[in-house]
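K.L.:
Here you go, this is target_2.cif (mmCIF, C-alpha atoms).
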```cif
data_final
loop_
_atom_site.group_PDB
_atom_site.id
_atom_site.type_symbol
_atom_site.label_atom_id
_atom_site.label_comp_id
_atom_site.auth_asym_id
_atom_site.auth_seq_id
_atom_site.Cartn_x
_atom_site.Cartn_y
_atom_site.Cartn_z
ATOM 1 C CA MET C 1 24.845 -3.564 11.543
ATOM 2 C CA SER C 2 24.455 -3.736 15.334
ATOM 3 C CA ASN C 3 22.518 -6.469 17.089
ATOM 4 C CA GLY C 4 19.835 -5.480 19.591
ATOM 5 C CA GLU C 5 21.202 -1.948 20.014
ATOM 6 C CA GLY C 6 18.648 0.710 19.196
ATOM 7 C CA GLN C 7 19.549 3.602 16.932
ATOM 8 C CA THR C 8 17.734 6.576 15.467
ATOM 9 C CA ILE C 9 17.763 7.917 11.949
ATOM 10 C CA ASN C 10 16.044 10.977 10.516
ATOM 11 C CA ILE C 11 13.358 9.919 8.053
ATOM 12 C CA ARG C 12 11.360 12.673 6.376
ATOM 13 C CA GLY C 13 12.001 15.052 9.262
ATOM 14 C CA VAL C 14 11.290 12.625 12.122
ATOM 15 C CA ASN C 15 13.860 10.677 14.132
ATOM 16 C CA HIS C 16 12.858 7.032 13.746
ATOM 17 C CA TYR C 17 13.995 4.366 16.176
ATOM 18 C CA TYR C 18 15.193 1.078 14.713
ATOM 19 C CA GLU C 19 17.154 -1.975 15.791
ATOM 20 C CA TRP C 20 18.602 -5.114 14.254
ATOM 21 C CA ILE C 21 18.193 -8.620 15.617
ATOM 22 C CA CYS C 22 20.668 -10.935 13.913
ATOM 23 C CA LYS C 23 22.579 -14.133 14.573
ATOM 24 C CA PRO C 24 25.964 -14.831 13.009
ATOM 25 C CA THR C 25 25.971 -17.747 10.577
ATOM 26 C CA SER C 26 28.359 -19.312 8.119
ATOM 27 C CA SER C 27 26.443 -17.593 5.319
ATOM 28 C CA LEU C 28 27.763 -14.201 4.298
ATOM 29 C CA LEU C 29 24.280 -12.941 3.491
ATOM 30 C CA LYS C 30 20.848 -13.529 4.907
ATOM 31 C CA PRO C 31 17.583 -12.103 3.609
ATOM 32 C CA ILE C 32 16.160 -9.090 5.431
ATOM 33 C CA MET C 33 12.839 -9.311 7.284
ATOM 34 C CA VAL C 34 11.184 -6.045 8.323
ATOM 35 C CA PHE C 35 8.720 -6.114 11.228
ATOM 36 C CA ILE C 36 5.897 -3.547 11.395
ATOM 37 C CA HIS C 37 3.964 -3.094 14.622
ATOM 38 C CA GLY C 38 0.318 -2.150 15.072
ATOM 39 C CA TRP C 39 -1.671 0.765 16.464
ATOM 40 C CA GLY C 40 -0.604 2.002 19.885
ATOM 41 C CA GLY C 41 2.420 -0.270 20.145
ATOM 42 C CA SER C 42 6.071 -0.365 19.177
ATOM 43 C CA ALA C 43 8.645 -2.774 17.811
ATOM 44 C CA ARG C 44 9.226 -4.113 21.322
ATOM 45 C CA TYR C 45 6.536 -6.777 21.105
ATOM 46 C CA TRP C 46 8.116 -8.227 17.942
ATOM 47 C CA ARG C 47 11.468 -9.005 19.592
ATOM 48 C CA SER C 48 10.745 -12.601 20.641
ATOM 49 C CA THR C 49 9.442 -13.476 17.160
ATOM 50 C CA ALA C 50 12.424 -11.811 15.497
ATOM 51 C CA ASN C 51 14.829 -13.647 17.781
ATOM 52 C CA ALA C 52 13.244 -16.960 16.802
ATOM 53 C CA LEU C 53 13.699 -16.174 13.091
ATOM 54 C CA SER C 54 17.112 -14.517 13.292
ATOM 55 C CA ASP C 55 19.018 -17.682 12.429
ATOM 56 C CA ARG C 56 17.542 -17.424 8.920
ATOM 57 C CA PHE C 57 16.894 -13.683 8.550
ATOM 58 C CA ASP C 58 18.500 -10.427 9.567
ATOM 59 C CA CYS C 59 15.536 -8.828 11.317
ATOM 60 C CA LEU C 60 14.887 -5.086 11.180
ATOM 61 C CA LEU C 61 12.481 -3.683 13.766
ATOM 62 C CA TYR C 62 11.414 -0.040 13.859
ATOM 63 C CA ASP C 63 8.859 2.212 15.539
ATOM 64 C CA LEU C 64 6.295 3.924 13.353
ATOM 65 C CA ARG C 65 6.253 7.716 13.305
ATOM 66 C CA GLY C 66 4.699 9.047 16.523
ATOM 67 C CA PHE C 67 4.791 5.681 18.305
ATOM 68 C CA GLY C 68 7.250 4.044 20.667
ATOM 69 C CA ARG C 69 10.603 5.761 20.463
ATOM 70 C CA SER C 70 9.949 7.507 17.124
ATOM 71 C CA SER C 71 8.795 10.716 18.787
ATOM 72 C CA LEU C 72 7.404 13.587 16.765
ATOM 73 C CA PRO C 73 9.270 16.913 16.982
ATOM 74 C CA SER C 74 7.527 19.697 18.918
ATOM 75 C CA VAL C 75 7.721 21.829 15.785
ATOM 76 C CA PRO C 76 7.057 19.766 12.639
ATOM 77 C CA SER C 77 9.998 19.965 10.261
ATOM 78 C CA ASN C 78 7.958 18.347 7.493
ATOM 79 C CA PRO C 79 4.407 19.737 7.754
ATOM 80 C CA SER C 80 3.366 17.907 4.582
ATOM 81 C CA LEU C 81 3.346 14.562 6.421
ATOM 82 C CA THR C 82 -0.074 13.164 7.262
ATOM 83 C CA TYR C 83 -1.329 10.247 9.330
ATOM 84 C CA GLU C 84 -2.691 8.418 6.314
ATOM 85 C CA LEU C 85 -1.311 4.890 6.194
ATOM 86 C CA GLU C 86 0.017 5.533 2.675
ATOM 87 C CA ASP C 87 2.345 8.101 4.242
ATOM 88 C CA TYR C 88 3.553 5.467 6.691
ATOM 89 C CA ALA C 89 4.279 3.167 3.739
ATOM 90 C CA ASP C 90 6.388 5.955 2.242
ATOM 91 C CA ASP C 91 8.153 6.347 5.605
ATOM 92 C CA LEU C 92 9.199 2.703 5.345
ATOM 93 C CA ALA C 93 10.469 3.188 1.800
ATOM 94 C CA ALA C 94 12.568 6.145 2.973
ATOM 95 C CA LEU C 95 13.907 4.092 5.895
ATOM 96 C CA LEU C 96 14.953 1.260 3.575
ATOM 97 C CA ASP C 97 16.615 3.770 1.249
ATOM 98 C CA ALA C 98 18.534 5.322 4.137
ATOM 99 C CA LEU C 99 19.726 1.885 5.281
ATOM 100 C CA GLN C 100 20.542 0.906 1.672
ATOM 101 C CA LEU C 101 18.141 -2.039 1.648
ATOM 102 C CA ASP C 102 16.447 -3.124 -1.525
ATOM 103 C CA VAL C 103 14.281 -6.279 -1.450
ATOM 104 C CA VAL C 104 12.851 -7.331 1.914
ATOM 105 C CA TYR C 105 10.352 -9.654 3.559
ATOM 106 C CA LEU C 106 7.505 -7.935 5.417
ATOM 107 C CA HIS C 107 6.167 -9.266 8.725
ATOM 108 C CA ALA C 108 3.369 -7.023 9.952
ATOM 109 C CA HIS C 109 0.644 -6.938 12.594
ATOM 110 C CA SER C 110 -2.771 -5.246 12.869
ATOM 111 C CA MET C 111 -2.548 -1.660 11.543
ATOM 112 C CA GLY C 112 0.997 -2.497 10.471
ATOM 113 C CA ALA C 113 -0.472 -5.132 8.152
ATOM 114 C CA SER C 114 -2.347 -2.362 6.348
ATOM 115 C CA VAL C 115 0.896 -0.377 6.081
ATOM 116 C CA ALA C 116 2.617 -3.469 4.645
ATOM 117 C CA THR C 117 -0.176 -3.970 2.100
ATOM 118 C CA LEU C 118 0.034 -0.364 0.971
ATOM 119 C CA PHE C 119 3.840 -0.568 0.834
ATOM 120 C CA PHE C 120 3.603 -3.532 -1.523
ATOM 121 C CA ASN C 121 1.112 -1.719 -3.748
ATOM 122 C CA ARG C 122 3.420 1.287 -3.977
ATOM 123 C CA TYR C 123 6.760 -0.576 -4.149
ATOM 124 C CA PRO C 124 6.035 -4.119 -5.395
ATOM 125 C CA ALA C 125 9.567 -4.756 -6.654
ATOM 126 C CA ARG C 126 10.934 -4.331 -3.126
ATOM 127 C CA VAL C 127 8.965 -7.168 -1.495
ATOM 128 C CA LYS C 128 9.821 -10.873 -1.604
ATOM 129 C CA ARG C 129 7.137 -12.346 0.679
ATOM 130 C CA VAL C 130 4.580 -11.004 3.129
ATOM 131 C CA ILE C 131 3.229 -12.179 6.500
ATOM 132 C CA LEU C 132 0.111 -10.343 7.678
ATOM 133 C CA THR C 133 -1.030 -11.049 11.237
ATOM 134 C CA CYS C 134 -4.458 -10.051 12.559
ATOM 135 C CA SER C 135 -5.330 -8.053 9.483
ATOM 136 C CA SER C 136 -8.966 -7.312 8.778
ATOM 137 C CA ILE C 137 -11.398 -5.032 6.986
ATOM 138 C CA PHE C 138 -14.062 -3.120 8.852
ATOM 139 C CA MET C 139 -17.554 -3.028 7.381
ATOM 140 C CA CYS C 140 -19.507 -0.603 9.545
ATOM 141 C CA SER C 141 -22.027 2.180 9.183
ATOM 142 C CA GLU C 142 -21.143 5.851 9.553
ATOM 143 C CA LYS C 143 -22.952 5.848 12.902
ATOM 144 C CA VAL C 144 -20.821 2.985 14.220
ATOM 145 C CA PHE C 145 -17.614 4.613 12.964
ATOM 146 C CA SER C 146 -18.596 7.902 14.622
ATOM 147 C CA SER C 147 -19.307 6.230 17.966
ATOM 148 C CA PHE C 148 -16.019 4.329 17.767
ATOM 149 C CA TYR C 149 -14.014 7.475 17.034
ATOM 150 C CA GLN C 150 -15.627 9.316 19.919
ATOM 151 C CA ALA C 151 -14.959 6.525 22.404
ATOM 152 C CA VAL C 152 -11.335 5.982 21.382
ATOM 153 C CA SER C 153 -10.541 9.707 21.191
ATOM 154 C CA TYR C 154 -11.873 10.154 24.716
ATOM 155 C CA ALA C 155 -9.840 7.210 26.039
ATOM 156 C CA VAL C 156 -6.654 8.410 24.335
ATOM 157 C CA ARG C 157 -7.050 12.015 25.496
ATOM 158 C CA PHE C 158 -7.151 11.015 29.150
ATOM 159 C CA ARG C 159 -4.128 8.732 29.143
ATOM 160 C CA SER C 160 -1.631 9.266 31.945
ATOM 161 C CA ASN C 161 1.590 7.606 33.016
ATOM 162 C CA TRP C 162 0.017 7.564 36.468
ATOM 163 C CA PHE C 163 -1.780 4.395 35.310
ATOM 164 C CA LEU C 164 1.585 2.613 35.396
ATOM 165 C CA GLN C 165 1.505 2.899 39.175
ATOM 166 C CA VAL C 166 -1.755 0.949 39.381
ATOM 167 C CA PRO C 167 -1.031 -2.737 40.111
ATOM 168 C CA PHE C 168 -1.782 -4.953 37.105
ATOM 169 C CA ALA C 169 -3.268 -2.050 35.104
ATOM 170 C CA ASP C 170 -1.550 -3.471 32.026
ATOM 171 C CA LYS C 171 -3.379 -6.783 32.464
ATOM 172 C CA PHE C 172 -6.741 -5.044 32.620
ATOM 173 C CA PHE C 173 -5.840 -2.956 29.572
ATOM 174 C CA MET C 174 -4.848 -6.040 27.553
ATOM 175 C CA THR C 175 -7.924 -8.076 28.495
ATOM 176 C CA HIS C 176 -9.855 -7.340 25.294
ATOM 177 C CA LEU C 177 -6.760 -8.003 23.155
ATOM 178 C CA LEU C 178 -5.843 -11.434 24.541
ATOM 179 C CA TYR C 179 -7.389 -14.863 24.980
ATOM 180 C CA ARG C 180 -4.337 -16.461 26.589
ATOM 181 C CA PRO C 181 -1.949 -14.729 28.981
ATOM 182 C CA ILE C 182 1.347 -13.439 27.640
ATOM 183 C CA ALA C 183 4.637 -12.593 29.345
ATOM 184 C CA ARG C 184 4.268 -9.690 31.758
ATOM 185 C CA ARG C 185 7.124 -7.809 30.097
ATOM 186 C CA ASP C 186 5.183 -7.814 26.803
ATOM 187 C CA SER C 187 1.862 -6.660 28.245
ATOM 188 C CA LEU C 188 3.585 -3.951 30.272
ATOM 189 C CA ALA C 189 5.604 -2.806 27.246
ATOM 190 C CA PHE C 190 2.489 -2.473 25.098
ATOM 191 C CA PHE C 191 0.669 -0.566 27.840
ATOM 192 C CA GLU C 192 3.630 1.799 28.253
ATOM 193 C CA ASP C 193 3.797 2.360 24.502
ATOM 194 C CA TYR C 194 0.069 3.107 24.329
ATOM 195 C CA LEU C 195 0.335 5.648 27.142
ATOM 196 C CA SER C 196 3.334 7.414 25.598
ATOM 197 C CA ALA C 197 2.271 7.452 21.936
ATOM 198 C CA ASP C 198 1.770 10.885 20.386
ATOM 199 C CA TYR C 199 -1.883 11.947 20.598
ATOM 200 C CA GLU C 200 -2.117 13.241 17.031
ATOM 201 C CA ALA C 201 -0.476 10.098 15.650
ATOM 202 C CA VAL C 202 -2.747 7.789 17.652
ATOM 203 C CA VAL C 203 -5.943 9.577 16.640
ATOM 204 C CA GLY C 204 -4.823 10.313 13.083
ATOM 205 C CA THR C 205 -3.904 6.714 12.299
ATOM 206 C CA MET C 206 -7.126 5.493 13.914
ATOM 207 C CA TYR C 207 -9.143 7.631 11.512
ATOM 208 C CA SER C 208 -7.043 6.342 8.632
ATOM 209 C CA ALA C 209 -7.082 2.627 9.532
ATOM 210 C CA VAL C 210 -10.680 2.259 10.701
ATOM 211 C CA SER C 211 -12.809 4.187 8.236
ATOM 212 C CA LYS C 212 -15.269 3.942 5.394
ATOM 213 C CA LYS C 213 -12.407 4.875 3.056
ATOM 214 C CA ALA C 214 -10.240 2.003 4.304
ATOM 215 C CA ALA C 215 -13.143 -0.449 4.071
ATOM 216 C CA LYS C 216 -13.567 0.531 0.433
ATOM 217 C CA GLU C 217 -9.937 0.792 -0.642
ATOM 218 C CA MET C 218 -8.122 -1.979 1.266
ATOM 219 C CA PRO C 219 -9.786 -5.056 -0.358
ATOM 220 C CA PRO C 220 -8.569 -4.081 -3.861
ATOM 221 C CA LYS C 221 -5.105 -3.444 -2.405
ATOM 222 C CA ILE C 222 -5.105 -6.930 -0.869
ATOM 223 C CA ALA C 223 -6.207 -8.386 -4.192
ATOM 224 C CA GLN C 224 -3.197 -6.803 -5.931
ATOM 225 C CA ILE C 225 -0.535 -8.530 -3.825
ATOM 226 C CA SER C 226 1.406 -10.696 -6.250
ATOM 227 C CA VAL C 227 3.950 -12.410 -3.978
ATOM 228 C CA PRO C 228 3.355 -15.394 -1.669
ATOM 229 C CA THR C 229 1.567 -14.109 1.416
ATOM 230 C CA LEU C 230 0.593 -15.715 4.708
ATOM 231 C CA MET C 231 -2.355 -14.269 6.611
ATOM 232 C CA ILE C 232 -2.675 -15.353 10.246
ATOM 233 C CA SER C 233 -5.693 -14.675 12.456
ATOM 234 C CA GLY C 234 -6.445 -15.389 16.089
ATOM 235 C CA GLU C 235 -9.590 -17.453 16.484
ATOM 236 C CA LYS C 236 -10.837 -15.341 19.419
ATOM 237 C CA ASP C 237 -9.750 -11.933 18.126
ATOM 238 C CA ILE C 238 -12.495 -9.348 18.637
ATOM 239 C CA VAL C 239 -10.469 -6.510 17.070
ATOM 240 C CA ALA C 240 -9.581 -8.055 13.692
ATOM 241 C CA LEU C 241 -12.134 -10.817 13.335
ATOM 242 C CA ALA C 242 -10.819 -14.100 11.963
ATOM 243 C CA ALA C 243 -13.879 -14.384 9.708
ATOM 244 C CA MET C 244 -13.003 -11.041 8.111
ATOM 245 C CA GLY C 245 -9.376 -12.087 7.744
ATOM 246 C CA LYS C 246 -10.505 -15.207 5.930
ATOM 247 C CA GLN C 247 -12.658 -13.092 3.609
ATOM 248 C CA MET C 248 -9.656 -10.892 2.844
ATOM 249 C CA ALA C 249 -7.474 -13.906 2.087
ATOM 250 C CA ALA C 250 -10.121 -15.238 -0.296
ATOM 251 C CA LEU C 251 -9.646 -12.143 -2.461
ATOM 252 C CA ASN C 252 -6.240 -13.333 -3.636
ATOM 253 C CA GLU C 253 -4.987 -16.792 -4.624
ATOM 254 C CA LYS C 254 -1.495 -15.769 -3.504
ATOM 255 C CA ILE C 255 -2.669 -15.592 0.111
ATOM 256 C CA GLU C 256 -2.621 -18.595 2.426
ATOM 257 C CA PHE C 257 -4.938 -18.197 5.429
ATOM 258 C CA PHE C 258 -4.287 -19.780 8.830
ATOM 259 C CA LYS C 259 -6.293 -19.408 12.033
ATOM 260 C CA ILE C 260 -4.645 -20.159 15.371
ATOM 261 C CA PRO C 261 -7.096 -21.626 17.913
ATOM 262 C CA ARG C 262 -7.506 -20.103 21.352
ATOM 263 C CA THR C 263 -5.633 -16.900 20.553
ATOM 264 C CA ALA C 264 -6.827 -13.331 20.072
ATOM 265 C CA HIS C 265 -5.052 -10.215 18.776
ATOM 266 C CA PHE C 266 -1.472 -11.264 19.615
ATOM 267 C CA PRO C 267 -1.174 -14.892 18.434
ATOM 268 C CA MET C 268 2.604 -14.547 18.072
ATOM 269 C CA LEU C 269 2.789 -13.942 21.847
ATOM 270 C CA GLU C 270 -0.143 -16.083 22.973
ATOM 271 C CA ASP C 271 0.960 -19.256 21.175
ATOM 272 C CA PRO C 272 4.529 -18.796 19.892
ATOM 273 C CA PRO C 273 5.167 -22.481 19.000
ATOM 274 C CA THR C 274 2.143 -22.712 16.675
ATOM 275 C CA TYR C 275 2.773 -19.279 15.210
ATOM 276 C CA LEU C 276 6.452 -19.900 14.488
ATOM 277 C CA LYS C 277 5.866 -23.385 13.083
ATOM 278 C CA LYS C 278 3.413 -21.959 10.547
ATOM 279 C CA VAL C 279 5.634 -18.999 9.673
ATOM 280 C CA LYS C 280 8.738 -21.148 9.217
ATOM 281 C CA GLY C 281 6.810 -23.634 7.092
ATOM 282 C CA PHE C 282 5.569 -20.808 4.898
ATOM 283 C CA LEU C 283 9.043 -19.353 4.480
ATOM 284 C CA GLY C 284 10.686 -22.677 3.664
ATOM 285 C CA ASN C 285 14.404 -22.528 2.879
ATOM 286 C CA GLU C 286 14.554 -18.922 1.764
ATOM 287 C CA GLN C 287 17.823 -17.642 0.311
ATOM 288 C CA PRO C 288 19.130 -14.102 -0.201
ATOM 289 C CA SER C 289 17.952 -12.381 -3.356
#
```
Would you write out, as structure tokens, the structure that this file holds?
P.N.:
Amino acid sequence: MSNGEGQTINIRGVNHYYEWICKPTSSLLKPIMVFIHGWGGSARYWRSTANALSDRFDCLLYDLRGFGRSSLPSVPSNPSLTYELEDYADDLAALLDALQLDVVYLHAHSMGASVATLFFNRYPARVKRVILTCSSIFMCSEKVFSSFYQAVSYAVRFRSNWFLQVPFADKFFMTHLLYRPIARRDSLAFFEDYLSADYEAVVGTMYSAVSKKAAKEMPPKIAQISVPTLMISGEKDIVALAAMGKQMAALNEKIEFFKIPRTAHFPMLEDPPTYLKKVKGFLGNEQPS
């Protein structure tokens, strides 16, 4: 197990990037925490959170298929794969199998929180606890969904790395995702990841995550989580509304809801002290399974 050194492993025909963030301790074993990033991003924005928790957990970060450094092959070697989030949950199961990991903690953000929820529903025996950050359900009409798809597809189609040459383009891009400023390295990393993400993966997962189907099917999936779960929302989030997150949490007595004031879609980066204090309190003195 290497620390902070990225590696790739073939999962279902796609080379997936992953890395470990660990700290040596007197304990021979620490529980495993798996971090799942959201739409358009990569594992890079989870590093500071993982570092802060690595004294108690061995932290596994990876890039979802088609995002970050998990590039899709030019000729698909597994044409049966789709961009449904259930398929991404199965990707995670295959990754854990390949790394010989059994029971893990899930720490997921935005679209990744949906992947984590679906993973639990498909593999409940493999999950100890769950942290869902900026997770929400979308209750919209077909007309609103159609307009959203059209706007996002247009924006994604005309991405270009040329935008990286524009001074502070990353700050403008992140404006609607943040309430407080975050470290420049994090905003620039997310912008770079968005620009480089595979077009089919970006559009395909958007249709899967923000849809009438998801609005119908995700609430029952949330209700079926049977392990202690922490759901964190940003008070000012306009992407995954805190009010909707609270409604989701109310579906299940296993879920504890917490709203962080004056933060938006990246509360773990906008207010790390508050975020980490809540997460560590929720985790308590966890021991290896």
K.L.:
Take the PyMOL selection byres ((chain C and resi 51) around 12), apply it to the structure above, and return the hits as a PyMOL selection string.
P.N.:
chain C and resi 3-4+20-23+33+35+44-50+52-61+272+276
K.L.:
Please expand the PyMOL selection byres ((chain C and resi 17) around 7) into the concrete residues it hits in this file, giving the result as a PyMOL selection string.
P.N.:
chain C and resi 6-9+15-16+18+62-63+69-70
K.L.:
Please report the interatomic distance between atom CA of C:Gly245 and atom CA of C:Leu283 in Å with one decimal.
P.N.:
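The value is 20.1 Å.
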K.L.:
When distances are computed from only C-alpha atoms, which of C:Val14, C:Ala183, C:Ala243, C:Leu95 shows the smallest separation from C:Ser77?
P.N.:
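Between C:Val14, C:Ala183, C:Ala243, C:Leu95, the residue approaching C:Ser77 most closely is C:Val14.
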K.L.:
Using the chain letters and numbers from this file, what does the PyMOL selection byres ((chain C and resi 197-207) around 9) select? Give the answer as an NGL selection string.
P.N.:
:C and (39-41 or 65-69 or 71-72 or 82-85 or 111 or 149 or 152-153 or 156-157 or 192-196 or 208-211)
K.L.:
As an exercise, work out the distance from atom CA of C:Ala108 to atom CA of C:Tyr88 in Å and give it to one decimal place.
P.N.:
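Separation of atom CA of C:Ala108 and atom CA of C:Tyr88: 12.9 Å.
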K.L.:
What are the closest atom pairs, with distances in Å to one decimal, for each residue of stretch 112-218 of chain C lying within 9 Å of stretch 225-237 of chain C, using all atoms listed in the file, rows by chain and rising residue number, as a tab-separated table?
P.N.:
```
residue	atom	partner	partner_atom	distance
C:Thr117	CA	C:Ile225	CA	7.5
C:Phe120	CA	C:Ile225	CA	6.9
C:Asn121	CA	C:Ile225	CA	7.0
C:Pro124	CA	C:Ile225	CA	8.1
C:Val127	CA	C:Val227	CA	7.7
C:Lys128	CA	C:Val227	CA	6.5
C:Arg129	CA	C:Pro228	CA	5.4
C:Val130	CA	C:Thr229	CA	4.7
C:Ile131	CA	C:Leu230	CA	4.8
C:Leu132	CA	C:Met231	CA	4.8
C:Thr133	CA	C:Ile232	CA	4.7
C:Cys134	CA	C:Ser233	CA	4.8
C:Ser135	CA	C:Ser233	CA	7.3
C:Ser136	CA	C:Ser233	CA	8.9
C:His176	CA	C:Asp237	CA	8.5
C:Leu177	CA	C:Asp237	CA	7.0
C:Leu178	CA	C:Asp237	CA	7.5
C:Tyr179	CA	C:Lys236	CA	6.6
```
K.L.:
What does the distance from atom CA of C:Ala223 to atom CA of C:Phe257 come to in Å, to one decimal?
P.N.:
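Computing the Euclidean distance for atom CA of C:Ala223 and atom CA of C:Phe257 yields 13.8 Å.
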K.L.:
Using only C-alpha atoms, which residue out of C:Phe258, C:Phe168, C:Tyr275, C:Phe266 lies closest to C:Val239?
P.N.:
C:Phe266
K.L.:
Show me as a compact mmCIF listing (two decimals) with C-alpha atoms, keeping the file's coordinate frame the residues that reach within 9 Å of (-7.7, -20.4, 23.7), counting all atoms listed in the file and using the file's own coordinates.
P.N.:
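Result file follows (result_34.txt):
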```txt
# COMPACT_ATOMS: atom_id res chain seq x y z
CA TYR C 179 -7.39 -14.86 24.98
CA ARG C 180 -4.34 -16.46 26.59
CA GLU C 235 -9.59 -17.45 16.48
CA LYS C 236 -10.84 -15.34 19.42
CA ILE C 260 -4.64 -20.16 15.37
CA PRO C 261 -7.10 -21.63 17.91
CA ARG C 262 -7.51 -20.10 21.35
CA THR C 263 -5.63 -16.90 20.55
CA ALA C 264 -6.83 -13.33 20.07
CA GLU C 270 -0.14 -16.08 22.97
```
K.L.:
As a PyMOL selection string, please: the residues near C:Leu92 (cut-off 9 Å, only C-alpha atoms, same-chain neighbours under 4 positions excluded).
P.N.:
chain C and resi 11+64+87-88+96-97+115+119
